[in-house]
Amino acid sequence: MILVGVKLYQVTLGPVSSGGAPDFTLTTFEGESHTLSDYQGQVVVINFWASWCGPCELEAADLEQAWRDYKERGVLFLGIDYVDTETEARAYLQKRGVTYPNGPDLRTAISQAYRIKGVPETYIVGKDGSVTETIIGPTDYARLTAILDRLLNE
Amino acid sequence: MKSYTDSSCVIRPLTIIGLVLLLTFSVFGETAAQGDEPTEDEVNTIAEQLYCPVCENVPLDVCGTQACAQWRATIRKKLAAGWNEKQIKQYFSNQYGVRVLAQPPTQGFNALFWALPPVAFLVSAFFVLRFIRNIRRKQQPADGQPAAEQANADDYVARLERELEQWR
């Protein structure tokens, strides 16, 4: 009963929208490791996506453009591939020319930590390591860059 | 003409042998190809034991989403590569977590899910029995009431008889 209660409570919590960003280590499809806590002091954009997700395609180009425009300013983009198969995921990234680090969400550990409700979802972590913005559904270049400009100027 | 006939006589058995060999190899070849390609039933046997987190409570074999189709294709590929059921389930568990398994492993924290129902049943049975016993205990004095009344009645009858004796 306690376990069921805890589970129901977690469901009602909804996605992480403030406070310290849950730490994780993402191993990319290329084998590189990225641990979120190592990027304290930088703005990090965490995007959950999947190759089977139609709306993810809508934002893919904008995310890539924002990454290209902001990486020199110290912004890191991390793509987390949710419940996907590697072959399709790699094909998706190649087709859309995505160059920022992307990797599978092994055992769905990261998505569970962020309590995502679906894909796409984007979490923006500020320099202090806390979640400052949670975007449910597809985002676009204007919205992303407005948030990034604000966070970089803080 | 004769030589043609002769040669045809020589060629005919060779042709027949060739045809037999061709048919034999083509049949075996086809069998081997079928053996490499897993059947839909083989894929579904494993798929029905898996649940995609995207489509909660829908087993993979009947799930119609693109994600599930990809998973079924992965099962097919693994089977074709010679993986067995256990290895494939382990792969999915490693990749997507134990929650994708229809039957979670009976180890570690998950053992609770197996142990809790019988424990809950025993605890409930204990409380139900205790409750029934308490009710019975409360009923016991009430059951004793007629016996006491009977005793009183007997005393009354005895007293009445004694007094009547005095009057005789």
# chains A, B, ... in the order shown; residues from 1 in each chain; ligands from 1
>>> residues_around(residues="A:Ser17", least_positions_apart="4", cutoff="7 Å", atoms="only C-alpha atoms", output="PyMOL selection string")
chain A and resi 131-134
>>> closest_atom_pairs(of="chain B", to="chain A", cutoff="10 Å", atoms="only C-alpha atoms", output="tab-separated table")
residue	atom	partner	partner_atom	distance
B:Cys52	CA	A:Val83	CA	7.9
B:Pro53	CA	A:Val83	CA	7.4
B:Val54	CA	A:Val83	CA	7.6
B:Thr65	CA	A:Trp52	CA	8.5
B:Gln66	CA	A:Trp52	CA	5.7
B:Ala67	CA	A:Trp52	CA	5.7
B:Cys68	CA	A:Trp52	CA	9.3
B:Ala69	CA	A:Trp52	CA	9.6
B:Gln70	CA	A:Thr85	CA	6.7
B:Trp71	CA	A:Thr85	CA	7.0
B:Ala73	CA	A:Thr85	CA	9.4
B:Thr74	CA	A:Thr85	CA	7.5
B:Phe92	CA	A:Arg107	CA	8.6
B:Ser93	CA	A:Arg107	CA	7.0
B:Asn94	CA	A:Arg107	CA	6.0
B:Gln95	CA	A:Leu106	CA	5.1
B:Tyr96	CA	A:Arg107	CA	3.8
B:Gly97	CA	A:Arg107	CA	3.8
B:Val98	CA	A:Arg107	CA	7.5
B:Arg99	CA	A:Arg107	CA	8.7
B:Val100	CA	A:Arg107	CA	9.3
B:Leu112	CA	A:Leu3	CA	9.8
B:Phe113	CA	A:Leu3	CA	9.7
B:Leu116	CA	A:Met1	CA	9.5
B:Ala120	CA	A:Met1	CA	9.5
>>> atom_distance(atom1="atom CA of A:Thr122", atom2="atom CA of B:Tyr91")
27.7 Å
>>> select_by_dssp(residues="chain A", states="alpha helix (DSSP H)", output="NGL selection string")
:A and (2-13 or 54-70 or 86-95 or 109-113 or 141-153)
>>> atom_distance(atom1="atom CA of A:Gln65", atom2="atom CA of A:Ser33")
22.8 Å
>>> atom_distance(atom1="atom CA of B:Ile75", atom2="atom CA of B:Asn44")
8.9 Å
>>> residues_around(residues="A:Ala142", least_positions_apart="3", cutoff="12 Å", atoms="only C-alpha atoms", output="list in words")
Glu59, Asp62, Leu63, Gln65, Ala66, Thr139, Thr145, Ala146, Ile147, Leu148 and Asp149 of chain A
